[in-house]
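Accompanying notes for the structure given below.
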Amino acid sequence: MGEIDRSAIPPALVLRDLRKTFVKTAVDGLNLNVCAGELYALLGPNGAGKTTTLRMVAGLLPADSGAIEIFGVDARRRPIEAKRIIAWLPDEPMLYDKLDPLEYLEFVAGLWGAEPRRAQTLANELLETLGLWEHRRERCEGFSRGMKQKVALAGALVHEPRLLMLDEPLTGLDAAVARQVKDLLVARVKQGATIILTTHILEVAERLADRIGIIQRGRLIAEGTLGQLRGMGGDDNASLETIFLNLIAQSERAA
Amino acid sequence: MSPRPGSFAWLAAHDLRQSWRGFDAAVGGLTRIKAVLLAGMLMAVHIGFWWGLRFNGPEDPLAHDSSLSRYIALGVLFVLPGIIAQAMTATTRALYAHGDLELLFSSPVSARAVLGARAVATAANAIAWFAIVLLPLANVNALAGHLHWLAIYPALVACGLFGTGVGIMLALAFFAAVGPRRARLVTQIGATAVGASFMLGLQGYAAAPGAARASLMKVMESPAQAGWLDWRAFLSLPARAAAGEMRALGLWMMVALAMFFFATFVLGKRFASAAIISTGAPPPPMRWRETRAFRANLGATMRAKERRLILRDPWLISQIALQVVYMLPISFILWRNGGVTGSPGIVFTPLIVVVGAQLAGSLAWLALSGEDAPDLLRAAPVAASRIERHKIEAVLTPISLLMTAPVVALAFAAPWGAVCAALFTLGAGISTALLNLWRPSPSPRGLVLRRHSQSKVVGMIEHLLSIVWAIGAVMAVMGYWAALVPVALACLILWLSRSRSLRVSFPAAA
């Protein structure tokens, strides 16, 4: 990844002692720092609290306690201001079946108050890049899962968020679509955007992420670049999968 | 002994268990208290019938009053369309919603067994609804010593099987006739029309001119020998079966079983192929439009989105239009009576108010509770109140346009009535829209006519508000200042139903 001078910019995301309990504790005093302009992969086993954490950052779930700062904005006290600079892409696309992709992008741009002419130009570019241009006037109800995911991704990018959060963005996509999405994400990071993604496809995290955080039972148990994580495991050639499984097993034993 | 896995009986038991769980979920879990309440209600229905029949003395009501046979025939006319409509809806839902059908069809189980089991569950569901009312009547009479009333039990089961068979056949016929793309809408409209045919027929009868009604009544009282209204004719077979004629009962059960087996076992393969075709049914093509500039205004964007979602869903439009259609016979009756007792203003103003209120309630529910992507709106940097305000605007704008035509038409006959209709419709529309904002009940958009099945209280409040505004409108047309009392009452009802704790639609920001 290209180096960006990050000293003058506040961190993209700071979580301090974040907690959320449903019936069980989902997020348990989570502390996290994501720098501006990096691609951060948040990994963890099922039920570790990844999606709950990101939903709290997106303003979809109220936190029980703790602090959320997005580019210096206190998201719990000034949620509208924080939402203005973020985008949230869940694993199930948030679409309207009866709208076509262009109408959907217009609607999302309108919600985020994007400048109409700029948003329209960007929408056209995104549809071209993602191979949706020919389908821009077809209703989403007839689309495959991959096409729906691409429309939703275009929606997340059309208002030019500074922080983009994606929950399992590659699940269910074929190789060609997955490559398109990965290329687009890398291009966005090069342009200065910050991306946080959760994924169970560890190869994606291994190849794309600047830094990787591993959470279990709502707590951060390890964080660093791939090299740093290998160092923790004591094996410089280990795959992320091996490191991940070892760290989870160690954490289980310690619990 | 449990049935062999994969057998027809095993599948039927599975579908019946799913139906039972659906009922259990609908009542919010059948606790011991609810079971006792249910038993109490059934007991109350029995006591009610006993109280009514007591006046007949020890005589068998059927023998005592020969006109009762006509009522039994009317009862069959009410029950059968209801069952057919339920079966049509259930078949269409199975064809398009799929659910577990793909799992079942990918297993080595025959399509006939799958459709047969589903049809048994559909028939059981339909029978259960009518059994609640009809069986207590049979029980009370049987307890009084008139055992032939128990014929209602097998006659009702036969009605269930026959109606389900006809419903499945009609649904598959629509599918074959108009194709998978349009079949869903056409069948659902057909099902609603069939289900309401008895009520619409009664209202049509009431609205008919006096001479026509008199001649129809004459034919019904002394039908021509071997005519279609003759009690001995084939069409009266289910009614004679329900009345306890043993030969008719036996014949009716055989006819019903034959129809059920034909529809499920003979058409089973056709059902399976229809279900497979419906999976790949492409959405309707869009008309090509030139790309125009994005809107700059959030309100305009929201209104455009809501308008598109409603206009592109013909099923929703048909459901909402049916609300109006159901009210048309009432308007004819009011018109006829109004000619004698009142002015057009008094007759039509409350009708316009009620229709406006109901339409506003439906559209508000669609926009607020039937939102397809609530998380997208919650994640947007817009205050929840602003989104809600724009949604309400998006609802009230088309209602205002729709209601303008009848108000303008009324203005020619009764100007003051039109003024009252406009003002009270606006008030009623705003109040039912606000009710749906404050008491949301999220459900899929297609369930617009059953939107209050999750919250009966909200449904009752919505109807109450419509009626109170309509009463106010009538009083205003008549020039009473007391019209302000219903207005105040509507405001009070609305204020009392405002429960912020239940407001779950868009708790976006602050």
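Numbering starts fresh at 1 for the residues of each chain in the structure tokens, the chains themselves are lettered A, B, ... in the order given, and ligands are numbered from 1 as they appear.
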Problem set entry | Check: which chain A residues lie within 8 Å of chain B using only C-alpha atoms, as an MDAnalysis selection string | chainID A and resid 58:60 79:84 87:88 94:96 98:99 106:107 110:113 115:117 119:120 137:139 141:142
Include N, CA, C and O atoms and write out the residues we just selected as a compact mmCIF listing (two decimals), in the first residue's frame.
# COMPACT_ATOMS: atom_id res chain seq x y z
N ALA A 58 -21.69 2.59 12.92
CA ALA A 58 -22.57 3.15 11.87
C ALA A 58 -23.79 3.85 12.45
O ALA A 58 -24.57 4.44 11.71
N GLY A 59 -23.97 3.79 13.77
CA GLY A 59 -25.13 4.45 14.39
C GLY A 59 -26.40 3.63 14.31
O GLY A 59 -27.50 4.15 14.48
N LEU A 60 -26.27 2.33 14.05
CA LEU A 60 -27.45 1.47 13.94
C LEU A 60 -27.79 0.80 15.25
O LEU A 60 -28.88 0.24 15.40
N PRO A 79 -24.15 12.18 16.16
CA PRO A 79 -24.28 11.08 15.19
C PRO A 79 -24.47 11.53 13.74
O PRO A 79 -23.93 10.92 12.83
N ILE A 80 -25.20 12.62 13.54
CA ILE A 80 -25.46 13.06 12.16
C ILE A 80 -24.15 13.46 11.49
O ILE A 80 -23.87 13.09 10.34
N GLU A 81 -23.35 14.21 12.24
CA GLU A 81 -22.07 14.66 11.70
C GLU A 81 -21.17 13.46 11.38
O GLU A 81 -20.48 13.44 10.36
N ALA A 82 -21.19 12.48 12.26
CA ALA A 82 -20.36 11.28 12.05
C ALA A 82 -20.86 10.49 10.85
O ALA A 82 -20.05 10.05 10.01
N LYS A 83 -22.18 10.35 10.72
CA LYS A 83 -22.73 9.56 9.62
C LYS A 83 -22.41 10.18 8.26
O LYS A 83 -22.34 9.48 7.26
N ARG A 84 -22.26 11.51 8.27
CA ARG A 84 -22.02 12.20 7.00
C ARG A 84 -20.75 11.69 6.32
O ARG A 84 -20.63 11.74 5.10
N ALA A 87 -19.76 5.21 5.46
CA ALA A 87 -20.71 4.37 4.72
C ALA A 87 -20.66 2.98 5.32
O ALA A 87 -19.61 2.53 5.79
N TRP A 88 -21.81 2.32 5.32
CA TRP A 88 -21.94 0.99 5.94
C TRP A 88 -22.49 0.05 4.89
O TRP A 88 -23.51 0.32 4.26
N MET A 94 -28.61 -3.53 1.24
CA MET A 94 -29.78 -2.71 1.62
C MET A 94 -30.34 -2.07 0.35
O MET A 94 -29.99 -0.94 0.02
N LEU A 95 -31.16 -2.82 -0.37
CA LEU A 95 -31.64 -2.35 -1.68
C LEU A 95 -33.16 -2.26 -1.71
O LEU A 95 -33.85 -2.80 -0.84
N TYR A 96 -33.66 -1.61 -2.75
CA TYR A 96 -35.10 -1.60 -3.05
C TYR A 96 -35.27 -2.36 -4.37
O TYR A 96 -34.75 -1.93 -5.40
N LYS A 98 -37.65 -2.63 -6.36
CA LYS A 98 -38.41 -1.99 -7.44
C LYS A 98 -37.69 -0.77 -8.03
O LYS A 98 -38.25 -0.09 -8.88
N LEU A 99 -36.51 -0.44 -7.52
CA LEU A 99 -35.75 0.67 -8.11
C LEU A 99 -34.67 0.10 -9.01
O LEU A 99 -34.18 -1.00 -8.79
N GLU A 106 -29.24 7.61 -6.92
CA GLU A 106 -29.77 8.97 -6.73
C GLU A 106 -30.37 9.11 -5.33
O GLU A 106 -30.15 10.10 -4.64
N PHE A 107 -31.09 8.06 -4.91
CA PHE A 107 -31.72 8.10 -3.59
C PHE A 107 -30.67 8.16 -2.48
O PHE A 107 -30.76 8.98 -1.57
N GLY A 110 -29.00 11.46 -2.38
CA GLY A 110 -29.91 12.43 -1.77
C GLY A 110 -29.93 12.32 -0.26
O GLY A 110 -29.94 13.33 0.45
N LEU A 111 -29.91 11.09 0.25
CA LEU A 111 -29.91 10.89 1.71
C LEU A 111 -28.66 11.49 2.35
O LEU A 111 -28.72 12.04 3.44
N TRP A 112 -27.53 11.32 1.67
CA TRP A 112 -26.28 11.82 2.24
C TRP A 112 -26.03 13.29 1.87
O TRP A 112 -25.00 13.84 2.22
N GLY A 113 -26.95 13.89 1.15
CA GLY A 113 -26.84 15.30 0.79
C GLY A 113 -25.67 15.57 -0.15
O GLY A 113 -25.07 16.65 -0.12
N GLU A 115 -23.65 16.55 -3.50
CA GLU A 115 -23.90 17.55 -4.55
C GLU A 115 -24.40 16.78 -5.79
O GLU A 115 -23.71 15.87 -6.27
N PRO A 116 -25.60 17.11 -6.31
CA PRO A 116 -26.23 16.25 -7.32
C PRO A 116 -25.39 15.99 -8.57
O PRO A 116 -25.28 14.86 -9.01
N ARG A 117 -24.76 17.07 -9.14
CA ARG A 117 -24.03 16.85 -10.39
C ARG A 117 -22.81 15.95 -10.16
O ARG A 117 -22.51 15.06 -10.94
N ALA A 119 -22.47 13.78 -7.74
CA ALA A 119 -22.93 12.42 -7.42
C ALA A 119 -23.34 11.68 -8.70
O ALA A 119 -23.07 10.49 -8.84
N GLN A 120 -23.95 12.43 -9.63
CA GLN A 120 -24.39 11.77 -10.86
C GLN A 120 -23.19 11.30 -11.69
O GLN A 120 -23.18 10.18 -12.22
N ARG A 137 -30.89 0.60 -16.03
CA ARG A 137 -32.34 0.87 -16.07
C ARG A 137 -33.16 -0.39 -15.87
O ARG A 137 -34.31 -0.46 -16.29
N GLU A 138 -32.54 -1.41 -15.27
CA GLU A 138 -33.29 -2.63 -14.94
C GLU A 138 -33.53 -2.66 -13.44
O GLU A 138 -32.66 -2.26 -12.67
N ARG A 139 -34.69 -3.16 -13.06
CA ARG A 139 -35.00 -3.20 -11.62
C ARG A 139 -34.10 -4.22 -10.91
O ARG A 139 -33.81 -5.29 -11.46
N GLU A 141 -34.74 -6.24 -8.67
CA GLU A 141 -35.37 -7.51 -8.26
C GLU A 141 -34.92 -8.69 -9.10
O GLU A 141 -34.95 -9.82 -8.64
N GLY A 142 -34.47 -8.41 -10.35
CA GLY A 142 -34.06 -9.51 -11.21
C GLY A 142 -32.57 -9.80 -11.14
O GLY A 142 -32.09 -10.68 -11.84
Would you mind listing what lies within 12 Å of Thr199 in chain A as a short mmCIF file (atom, residue, chain, number, x, y, z; two decimals) with N, CA, C and O atoms, in the first residue's frame, with only C-alpha atoms counted and same-chain residues fewer than 4 positions away left out?
data_model
loop_
_atom_site.label_atom_id
_atom_site.label_comp_id
_atom_site.auth_asym_id
_atom_site.auth_seq_id
_atom_site.Cartn_x
_atom_site.Cartn_y
_atom_site.Cartn_z
N TYR A 40 -8.14 -1.82 6.98
CA TYR A 40 -8.04 -2.57 8.24
C TYR A 40 -9.00 -3.77 8.16
O TYR A 40 -10.18 -3.60 7.88
N ALA A 41 -8.48 -4.96 8.41
CA ALA A 41 -9.34 -6.15 8.40
C ALA A 41 -9.63 -6.56 9.83
O ALA A 41 -8.72 -6.73 10.64
N LEU A 42 -10.91 -6.67 10.14
CA LEU A 42 -11.32 -7.09 11.48
C LEU A 42 -11.76 -8.55 11.40
O LEU A 42 -12.76 -8.88 10.74
N LEU A 43 -10.98 -9.40 12.04
CA LEU A 43 -11.26 -10.83 11.95
C LEU A 43 -11.73 -11.36 13.30
O LEU A 43 -11.47 -10.77 14.34
N GLY A 44 -12.38 -12.50 13.24
CA GLY A 44 -12.81 -13.14 14.49
C GLY A 44 -13.75 -14.29 14.16
O GLY A 44 -14.34 -14.31 13.08
N PRO A 45 -13.86 -15.24 15.07
CA PRO A 45 -14.78 -16.34 14.81
C PRO A 45 -16.23 -15.87 14.82
O PRO A 45 -16.51 -14.72 15.20
N ASN A 46 -17.16 -16.71 14.39
CA ASN A 46 -18.59 -16.35 14.43
C ASN A 46 -18.99 -15.94 15.83
O ASN A 46 -18.62 -16.60 16.80
N LYS A 50 -17.88 -8.73 15.78
CA LYS A 50 -17.42 -7.86 14.67
C LYS A 50 -18.56 -6.99 14.13
O LYS A 50 -18.45 -5.77 14.08
N THR A 51 -19.66 -7.67 13.75
CA THR A 51 -20.77 -6.93 13.14
C THR A 51 -21.41 -5.98 14.15
O THR A 51 -21.75 -4.84 13.82
N PRO A 90 -23.59 -3.77 4.75
CA PRO A 90 -23.75 -5.07 5.43
C PRO A 90 -23.67 -6.23 4.44
O PRO A 90 -23.66 -6.02 3.23
N ASP A 91 -23.63 -7.44 4.97
CA ASP A 91 -23.50 -8.60 4.08
C ASP A 91 -24.77 -8.80 3.25
O ASP A 91 -24.72 -9.29 2.14
N MET A 165 -17.15 1.03 5.83
CA MET A 165 -17.13 -0.21 6.64
C MET A 165 -17.92 -1.28 5.89
O MET A 165 -19.07 -1.07 5.53
N LEU A 166 -17.29 -2.41 5.69
CA LEU A 166 -17.93 -3.48 4.91
C LEU A 166 -17.95 -4.76 5.73
O LEU A 166 -16.91 -5.18 6.25
N ASP A 167 -19.13 -5.35 5.81
CA ASP A 167 -19.28 -6.59 6.56
C ASP A 167 -19.35 -7.75 5.56
O ASP A 167 -20.32 -7.85 4.81
N GLU A 168 -18.36 -8.58 5.54
CA GLU A 168 -18.31 -9.74 4.64
C GLU A 168 -18.65 -9.34 3.20
O GLU A 168 -19.58 -9.88 2.59
N PRO A 169 -17.88 -8.41 2.61
CA PRO A 169 -18.27 -7.90 1.29
C PRO A 169 -18.11 -8.91 0.16
O PRO A 169 -18.68 -8.72 -0.91
N LEU A 170 -17.34 -9.96 0.38
CA LEU A 170 -17.06 -10.88 -0.74
C LEU A 170 -17.82 -12.20 -0.64
O LEU A 170 -17.69 -13.05 -1.52
N THR A 171 -18.62 -12.34 0.41
CA THR A 171 -19.34 -13.61 0.59
C THR A 171 -20.33 -13.82 -0.55
O THR A 171 -21.12 -12.93 -0.88
N GLY A 172 -20.27 -14.97 -1.17
CA GLY A 172 -21.24 -15.33 -2.20
C GLY A 172 -20.94 -14.75 -3.57
O GLY A 172 -21.76 -14.89 -4.48
N GLU A 203 -7.58 -15.15 3.19
CA GLU A 203 -6.67 -14.82 2.12
C GLU A 203 -6.87 -13.36 1.68
O GLU A 203 -5.91 -12.67 1.32
N VAL A 204 -8.12 -12.90 1.74
CA VAL A 204 -8.42 -11.52 1.37
C VAL A 204 -7.74 -10.56 2.33
O VAL A 204 -7.09 -9.59 1.93
N ALA A 205 -7.86 -10.86 3.62
CA ALA A 205 -7.23 -10.01 4.64
C ALA A 205 -5.72 -10.04 4.46
O ALA A 205 -5.04 -9.01 4.55
N GLU A 206 -5.20 -11.22 4.19
CA GLU A 206 -3.75 -11.40 4.05
C GLU A 206 -3.21 -10.55 2.90
O GLU A 206 -2.16 -9.94 3.00
N LEU A 208 -4.91 -7.93 1.18
CA LEU A 208 -5.34 -6.53 1.04
C LEU A 208 -5.01 -5.64 2.24
O LEU A 208 -4.74 -4.45 2.06
N ALA A 209 -5.05 -6.21 3.43
CA ALA A 209 -5.08 -5.36 4.62
C ALA A 209 -3.72 -4.78 4.97
O ALA A 209 -2.70 -5.47 4.89
N ILE A 212 -4.29 -5.85 10.61
CA ILE A 212 -5.34 -6.84 10.90
C ILE A 212 -5.60 -6.82 12.41
O ILE A 212 -4.66 -6.82 13.21
N GLY A 213 -6.87 -6.81 12.77
CA GLY A 213 -7.23 -6.93 14.18
C GLY A 213 -8.04 -8.21 14.38
O GLY A 213 -8.89 -8.54 13.55
N ILE A 214 -7.73 -8.94 15.44
CA ILE A 214 -8.47 -10.18 15.70
C ILE A 214 -9.24 -10.01 17.00
O ILE A 214 -8.64 -9.68 18.04
#
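Proximity of B:Leu115, B:Val186, B:Gly201, B:Ile399 to Ala275 in chain B, computed with only C-alpha atoms, is greatest for B:Leu115.
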Exercise. Any idea what's packed within 8 Å of Ala274 in chain B, counting only C-alpha atoms, ignoring anything in its chain fewer than 4 positions away? Could you give it as a PyMOL selection string?
Worked result: chain B and resi 95+172+175+180+270+278
Problem set entry | Near-Ser251 in chain A list (12 Å; only C-alpha atoms; drop same-chain fewer than 3 positions) as a ChimeraX atom specification | /A:44-45,214-217,219-222,244-248,254-255
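Compared by their closest atoms to Leu13 in chain A, and using only C-alpha atoms, the residues A:Ala26, A:Leu122, A:Ile195, A:Leu132 rank with A:Ile195 nearest.
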Exercise. When DSSP works through the backbone of this structure, what residues of range 8-252 of chain A end up as alpha helix (DSSP H), shown as a VMD selection string?
Worked result: chain A and resid 50 to 57 79 to 84 101 to 111 116 to 129 145 to 157 175 to 190 202 to 208 226 to 233 240 to 252
For this session: Considering only C-alpha atoms, return as a count of residues only whatever protein or nucleic-acid residues lie within 10 Å of Ala9 in chain B, sequence-local ones (same chain, fewer than 4 positions apart) excluded.
Result: 11
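Note that the spacing between CA of Ala428 in chain B and CA of Gly345 in chain B amounts to 17.4 Å.
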For this session: Would you kindly return, as a ChimeraX atom specification, each protein, DNA or RNA residue with an atom no farther than 10 Å from any atom of Arg19 in chain A, considering only C-alpha atoms and excluding same-chain residues fewer than 6 positions away?
Result: /A:25-31,52-53,56,62-67,218-219
For the residues selected in the previous step, produce a file with C-alpha atoms as a short mmCIF file (atom, residue, chain, number, x, y, z; two decimals), in the first residue's frame.
data_model
loop_
_atom_site.label_atom_id
_atom_site.label_comp_id
_atom_site.auth_asym_id
_atom_site.auth_seq_id
_atom_site.Cartn_x
_atom_site.Cartn_y
_atom_site.Cartn_z
CA THR A 25 -22.02 -9.66 26.26
CA ALA A 26 -21.31 -9.06 22.56
CA VAL A 27 -18.66 -6.32 22.83
CA ASP A 28 -16.65 -6.25 26.03
CA GLY A 29 -14.51 -3.15 26.53
CA LEU A 30 -13.19 -3.01 22.96
CA ASN A 31 -10.32 -0.59 22.22
CA THR A 52 -22.12 -5.57 16.43
CA THR A 53 -19.07 -3.29 16.70
CA MET A 56 -22.52 0.66 16.67
CA PRO A 62 -26.69 2.26 20.62
CA ALA A 63 -23.59 1.36 22.64
CA ASP A 64 -24.06 0.63 26.34
CA SER A 65 -20.91 2.57 27.19
CA GLY A 66 -17.57 3.65 25.79
CA ALA A 67 -16.48 6.15 23.17
CA GLY A 218 -15.92 -8.84 22.09
CA ARG A 219 -12.26 -8.08 22.91
#
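When only C-alpha atoms are used to measure the gap to Leu197 in chain A, the shortest distance among A:Ile85, A:Leu226, A:Val158, A:Val34 belongs to A:Val34.
Nearest residue to Glu128 in chain A, choosing from A:Arg55, A:Arg253, A:Arg145, A:Lys150 and counting only C-alpha atoms: A:Lys150.
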